[in-house]
Amino acid sequence: MADNSENWDVVIVGGGLAGLSAAIYLGRAMRRTIVIDSGKSMAVWEPDVQNYLGFPEGIGGEELLHRGRKQAERYNIEFAEDEILDAIRTNDVFQLRGRAQTYSARKVILATGIFHIPPEIEGVTECLGRSMYFCKDCDGYRVQGKAIAVYGWNNEAVEYALGMLAYTPTVAIFTNSRSSQWSAQHQKWIEEYRLPVYPQKIQRLKRTEFQIRSLVLDDGTEVIVEALFATRGDVYYNKLARSLGAHVDKEGQVTIDDHMATSIPGLYAAGCVTPANCQMIIAAGDGAIAAQAINRTMFKEALESHSLKQVRARQLEKERTEPVTI
Ligand SMILES: Cc1cc2nc3c(=O)[nH]c(=O)nc-3n(C[C@H](O)[C@H](O)[C@H](O)COP(=O)(O)OP(=O)(O)OC[C@H]3O[C@@H](n4cnc5c(N)ncnc54)[C@H](O)[C@@H]3O)c2cc1C
């Protein structure tokens, strides 16, 4: 296997919103940084991002990633298309084994994201980001006045349905024949707010291209639906964090402190793989926080190890170090 034998200051695993933002900060802090990305950012599923600061007309998720990468490249960030399979840490240095190459660095940021579990309905993934959604904060605003299906059977499904009432009067819960697991209080809310619940199995979904039209239930009922929100939970891409011994909470989120540091020295995490609210601008902000924390730590380490002194000695020997006076 090829060895990317350069000793990077920082390896960022994941080139989505969190990873790209961290890269921009680290590049501008003159840290030798590589972003390793397997190319599956969730952002590509959103054709019209409306809640990212600075784009009043909206911007496609793919375009946002493209611009982020271009911006990072401007500050000498390297990129590798690869997938990191495992990682170890020996003597404060991380070794990461990818499908294509191995990499080593003193600091690592995990910005690997998550996978939203889609509903078990054939044809639904074709509607992803167009009429099937996972996030009411991202997409509730754009479905105002529409007939909304909330897919789920737990407290979150009920709370989603209640939250959607801010946007539309027509909201129903579909459990797809699963027995409901919501609490007595949530059942009370269903009754109090008169939320329709369809417990039948969903036989099929009718759609025109990516626009959902209706859900056909196995007793023959056909319910007109214009948008569907799934609440089946997420899979966190935390395998590398776990293999390095970092603490992961019971949901699978990588635990971090206020500076995005994990429980392993030198290992940071940012974006949706952490307990952050999974939004693009939050992921980008968290990536910046991780980068800033690394930058501060590396500065302190350079003072302690006297490596900054060596840099200064070279400057004093080879370059003008006094300002010109006139
Ligand atoms: C349908 C849909 C619509 C959305 N709409 C919006 C919206 O309108 N507004 C909003 O704010 N948010 C929206 N989101 C959420 C948004 O996409 C996420 O908040 C954002 O992408 C999170 O950034 P991230 O960097 O944490 O993860 P991601 O952007 O998902 O990036 C993670 C990256 O890590 C890479 N990776 C993972 N494991 C490895 C590995 N082992 N080796 C190498 N690379 C790896 C992946 O390939 C991926 O490129 C939407 C999400 C979906 C699914």
# chains A, B, ... in the order shown; residues from 1 in each chain; ligands from 1
>>> residues_near_ligand(ligand="ligand 1", cutoff="7 Å", atoms="only C-alpha atoms and all ligand atoms", output="MDAnalysis selection string")
chainID A and resid 13:19 36:43 45:46 48:52 82:85 111:114 116 128:129 133:135 138:139 237 270:273 278:281 283
>>> residues_around(residues="A:Gln187", least_positions_apart="2", cutoff="12 Å", atoms="only C-alpha atoms", output="list in words")
Trp153, Asn154, Asn155, Ala157, Val158, Glu159, Leu162, Ile173, Ser180, Gln181, Trp182, Ser183, Ala184, Gln185, Trp189, Ile190, Glu191, Glu192, Tyr193, Arg194, Leu195, Pro196 and Val197 of chain A
>>> select_by_dssp(residues="stretch 50-190 of chain A", states="strand (DSSP E)", output="JSON, numbers by chain")
{"A": [78, 79, 80, 81, 84, 85, 86, 87, 88, 89, 90, 93, 94, 95, 96, 97, 98, 101, 102, 103, 104, 105, 106, 107, 108, 109, 110, 114, 115, 116, 132, 133, 148, 149, 150, 151, 171, 172, 173, 174]}
>>> write_last_selection(atoms="C-alpha atoms", output="short mmCIF file (atom, residue, chain, number, x, y, z; two decimals), in the first residue's frame")
data_model
loop_
_atom_site.label_atom_id
_atom_site.label_comp_id
_atom_site.auth_asym_id
_atom_site.auth_seq_id
_atom_site.Cartn_x
_atom_site.Cartn_y
_atom_site.Cartn_z
CA GLU A 78 -4.10 18.98 0.13
CA PHE A 79 -6.99 16.65 -0.68
CA ALA A 80 -7.03 12.86 -1.05
CA GLU A 81 -9.94 10.79 -2.29
CA ILE A 84 -9.80 5.65 6.18
CA LEU A 85 -10.37 2.10 7.37
CA ASP A 86 -8.62 2.15 10.74
CA ALA A 87 -6.36 4.22 12.93
CA ILE A 88 -3.88 3.77 15.74
CA ARG A 89 -1.99 6.22 17.95
CA THR A 90 1.61 5.56 18.98
CA VAL A 93 1.40 10.25 16.38
CA PHE A 94 -1.70 8.97 14.61
CA GLN A 95 -1.34 6.42 11.81
CA LEU A 96 -4.35 6.18 9.54
CA ARG A 97 -4.76 3.33 7.08
CA GLY A 98 -6.83 4.20 4.03
CA GLN A 101 -2.65 5.05 1.25
CA THR A 102 -1.56 5.41 4.84
CA TYR A 103 -1.20 8.79 6.52
CA SER A 104 0.36 10.05 9.73
CA ALA A 105 -0.18 13.22 11.74
CA ARG A 106 0.12 14.65 15.22
CA LYS A 107 -3.46 15.88 15.24
CA VAL A 108 -6.57 14.41 13.66
CA ILE A 109 -10.04 15.85 13.18
CA LEU A 110 -12.84 13.36 12.62
CA ILE A 114 -23.75 10.46 9.89
CA PHE A 115 -26.25 8.48 7.86
CA HIS A 116 -29.95 9.23 8.29
CA MET A 132 -38.66 13.38 1.56
CA TYR A 133 -36.75 14.96 4.41
CA ILE A 148 -47.19 16.24 5.72
CA ALA A 149 -46.52 12.63 6.71
CA VAL A 150 -44.27 11.99 9.69
CA TYR A 151 -42.81 8.49 9.49
CA VAL A 171 -49.88 16.58 9.65
CA ALA A 172 -50.33 12.83 10.19
CA ILE A 173 -48.14 10.13 11.72
CA PHE A 174 -47.52 6.86 9.83
#
>>> closest_residue(among="A:Leu267, A:Val124, A:Leu65, A:Ile282", to="A:Leu53", atoms="only C-alpha atoms")
A:Ile282
>>> residues_around(residues="stretch 297-300 of chain A", least_positions_apart="5", cutoff="10 Å", atoms="only C-alpha atoms", output="ChimeraX atom specification")
/A:9,31,106-107,266,291-292,305-308
>>> closest_residue(among="A:Ala293, A:Ile117, A:Leu20, A:Ala284", to="A:Ile34", atoms="only C-alpha atoms")
A:Leu20
>>> closest_residue(among="A:Gly140, A:Pro169, A:Gly58, A:Gly123", to="A:Gln203", atoms="only C-alpha atoms")
A:Gly123
>>> atom_distance(atom1="atom CA of A:Ser131", atom2="atom CA of A:Ala147")
10.9 Å
>>> residues_around(residues="A:Thr33", least_positions_apart="2", cutoff="8 Å", atoms="only C-alpha atoms", output="MDAnalysis selection string")
chainID A and resid 8:12 23 26:27 31 35 77:78
>>> write_last_selection(atoms="C-alpha atoms", output="CSV table (one decimal), in the first residue's frame")
chain,number,residue,atom,x,y,z
A,8,TRP,CA,1.2,16.1,8.3
A,9,ASP,CA,0.5,18.5,11.1
A,10,VAL,CA,-3.2,17.7,10.8
A,11,VAL,CA,-5.2,15.0,9.0
A,12,ILE,CA,-8.9,15.8,8.6
A,23,ALA,CA,-9.2,23.0,6.6
A,26,LEU,CA,-5.7,25.4,9.4
A,27,GLY,CA,-4.4,26.4,6.0
A,31,ARG,CA,-0.5,24.1,9.3
A,35,VAL,CA,-8.3,16.4,4.0
A,77,ILE,CA,-4.7,22.4,1.7
A,78,GLU,CA,-4.1,19.0,0.1
>>> atom_distance(atom1="atom CA of A:Glu304", atom2="atom CA of A:Arg32")
19.6 Å
>>> select_by_dssp(residues="stretch 172-320 of chain A", states="helix (DSSP H, G or I)", output="CSV table (one decimal) with N, CA and C atoms, in the first residue's frame")
chain,number,residue,atom,x,y,z
A,184,ALA,N,-46.9,7.9,27.5
A,184,ALA,CA,-48.3,8.2,27.8
A,184,ALA,C,-48.5,9.8,27.5
A,185,GLN,N,-47.5,10.6,27.9
A,185,GLN,CA,-47.6,12.0,27.7
A,185,GLN,C,-47.7,12.3,26.2
A,186,HIS,N,-46.9,11.6,25.4
A,186,HIS,CA,-47.0,11.8,23.9
A,186,HIS,C,-48.3,11.4,23.3
A,187,GLN,N,-48.9,10.3,23.9
A,187,GLN,CA,-50.2,9.8,23.4
A,187,GLN,C,-51.2,10.9,23.8
A,188,LYS,N,-51.1,11.5,24.9
A,188,LYS,CA,-52.0,12.5,25.4
A,188,LYS,C,-52.0,13.7,24.4
A,189,TRP,N,-50.7,14.1,24.0
A,189,TRP,CA,-50.6,15.2,23.0
A,189,TRP,C,-51.3,14.8,21.7
A,190,ILE,N,-51.1,13.6,21.3
A,190,ILE,CA,-51.7,13.2,20.0
A,190,ILE,C,-53.2,13.4,20.0
A,191,GLU,N,-53.8,13.1,21.2
A,191,GLU,CA,-55.2,13.2,21.3
A,191,GLU,C,-55.6,14.7,21.5
A,192,GLU,N,-54.9,15.4,22.3
A,192,GLU,CA,-55.1,16.8,22.6
A,192,GLU,C,-55.1,17.7,21.3
A,239,LYS,N,-16.6,4.8,13.8
A,239,LYS,CA,-15.7,3.6,13.9
A,239,LYS,C,-14.3,4.0,14.3
A,240,LEU,N,-13.8,5.1,13.6
A,240,LEU,CA,-12.4,5.5,13.9
A,240,LEU,C,-12.2,6.0,15.3
A,241,ALA,N,-13.2,6.7,15.8
A,241,ALA,CA,-13.1,7.3,17.1
A,241,ALA,C,-13.1,6.1,18.1
A,242,ARG,N,-13.9,5.1,17.9
A,242,ARG,CA,-14.0,4.0,18.8
A,242,ARG,C,-12.7,3.2,18.7
A,243,SER,N,-12.1,3.0,17.5
A,243,SER,CA,-10.9,2.2,17.4
A,243,SER,C,-9.7,2.9,18.1
A,280,MET,N,-25.7,22.6,8.5
A,280,MET,CA,-24.5,22.9,7.8
A,280,MET,C,-23.7,24.0,8.5
A,281,ILE,N,-24.4,25.0,8.9
A,281,ILE,CA,-23.6,26.2,9.4
A,281,ILE,C,-23.0,25.8,10.8
A,282,ILE,N,-23.7,25.0,11.5
A,282,ILE,CA,-23.2,24.5,12.8
A,282,ILE,C,-22.0,23.6,12.6
A,283,ALA,N,-22.1,22.7,11.6
A,283,ALA,CA,-20.9,21.8,11.3
A,283,ALA,C,-19.7,22.7,10.9
A,284,ALA,N,-20.0,23.7,10.1
A,284,ALA,CA,-18.9,24.6,9.6
A,284,ALA,C,-18.3,25.3,10.8
A,285,GLY,N,-19.1,25.8,11.7
A,285,GLY,CA,-18.6,26.5,12.9
A,285,GLY,C,-17.8,25.6,13.8
A,286,ASP,N,-18.3,24.4,14.0
A,286,ASP,CA,-17.6,23.5,14.9
A,286,ASP,C,-16.2,23.0,14.3
A,287,GLY,N,-16.2,22.9,12.9
A,287,GLY,CA,-14.9,22.7,12.3
A,287,GLY,C,-13.9,23.8,12.6
A,288,ALA,N,-14.4,25.0,12.5
A,288,ALA,CA,-13.5,26.2,12.8
A,288,ALA,C,-13.1,26.1,14.3
A,289,ILE,N,-14.0,25.7,15.2
A,289,ILE,CA,-13.6,25.7,16.6
A,289,ILE,C,-12.5,24.6,16.8
A,290,ALA,N,-12.6,23.5,16.1
A,290,ALA,CA,-11.6,22.4,16.3
A,290,ALA,C,-10.3,22.9,15.7
A,291,ALA,N,-10.3,23.6,14.6
A,291,ALA,CA,-9.1,24.0,14.0
A,291,ALA,C,-8.4,25.1,14.8
A,292,GLN,N,-9.2,26.0,15.4
A,292,GLN,CA,-8.6,27.0,16.3
A,292,GLN,C,-8.0,26.4,17.5
A,293,ALA,N,-8.6,25.4,18.1
A,293,ALA,CA,-8.1,24.7,19.3
A,293,ALA,C,-6.8,24.0,18.9
A,294,ILE,N,-6.7,23.3,17.8
A,294,ILE,CA,-5.5,22.7,17.4
A,294,ILE,C,-4.4,23.7,17.2
A,295,ASN,N,-4.7,24.8,16.5
A,295,ASN,CA,-3.8,25.8,16.3
A,295,ASN,C,-3.2,26.3,17.6
A,296,ARG,N,-4.0,26.6,18.5
A,296,ARG,CA,-3.5,27.1,19.8
A,296,ARG,C,-2.6,26.1,20.5
A,297,THR,N,-3.1,24.8,20.5
A,297,THR,CA,-2.3,23.8,21.1
A,297,THR,C,-0.9,23.6,20.5
A,298,MET,N,-0.9,23.6,19.1
A,298,MET,CA,0.4,23.4,18.4
A,298,MET,C,1.3,24.6,18.7
A,299,PHE,N,0.7,25.8,18.8
A,299,PHE,CA,1.6,26.9,19.2
A,299,PHE,C,2.3,26.7,20.5
A,300,LYS,N,1.4,26.3,21.5
A,300,LYS,CA,2.0,26.1,22.8
A,300,LYS,C,3.0,25.0,22.8
A,301,GLU,N,2.8,23.9,22.0
A,301,GLU,CA,3.7,22.8,21.9
A,301,GLU,C,5.0,23.3,21.3
A,302,ALA,N,4.9,24.2,20.3
A,302,ALA,CA,6.1,24.7,19.6
A,302,ALA,C,7.0,25.5,20.6
A,303,LEU,N,6.3,26.2,21.5
A,303,LEU,CA,7.1,26.9,22.5
A,303,LEU,C,7.8,26.0,23.5
A,304,GLU,N,7.0,25.0,23.9
A,304,GLU,CA,7.5,24.0,24.9
A,304,GLU,C,8.6,23.2,24.4
A,307,SER,N,10.6,24.2,19.2
A,307,SER,CA,10.7,24.1,17.7
A,307,SER,C,10.5,25.5,17.1
A,308,LEU,N,9.8,26.4,17.8
A,308,LEU,CA,9.6,27.7,17.3
A,308,LEU,C,10.9,28.5,17.3
A,309,LYS,N,11.7,28.1,18.4
A,309,LYS,CA,13.0,28.7,18.5
A,309,LYS,C,13.9,28.4,17.3
A,310,GLN,N,13.8,27.1,16.9
A,310,GLN,CA,14.6,26.7,15.7
A,310,GLN,C,14.2,27.5,14.5
A,311,VAL,N,12.9,27.7,14.3
A,311,VAL,CA,12.4,28.5,13.2
A,311,VAL,C,13.0,29.9,13.3
A,312,ARG,N,13.0,30.4,14.5
A,312,ARG,CA,13.5,31.8,14.7
A,312,ARG,C,15.0,31.9,14.4
A,313,ALA,N,15.7,30.8,14.8
A,313,ALA,CA,17.2,30.8,14.6
A,313,ALA,C,17.5,30.8,13.1
A,314,ARG,N,16.7,30.1,12.3
A,314,ARG,CA,16.9,30.1,10.8
A,314,ARG,C,16.6,31.5,10.3
A,315,GLN,N,15.5,32.1,10.8
A,315,GLN,CA,15.2,33.4,10.3
A,315,GLN,C,16.3,34.4,10.6
A,316,LEU,N,16.8,34.3,11.8
A,316,LEU,CA,17.9,35.2,12.3
A,316,LEU,C,19.1,35.1,11.4
A,317,GLU,N,19.3,33.8,11.0
A,317,GLU,CA,20.6,33.5,10.3
A,317,GLU,C,20.4,34.0,8.8
A,318,LYS,N,19.2,33.7,8.2
A,318,LYS,CA,19.1,33.9,6.8
A,318,LYS,C,18.3,35.1,6.3
>>> atom_distance(atom1="atom CA of A:Val254", atom2="atom CA of A:Arg232")
19.5 Å
>>> closest_residue(among="A:Ala22, A:Val44, A:Leu244, A:Tyr75", to="A:Gly61", atoms="only C-alpha atoms")
A:Val44
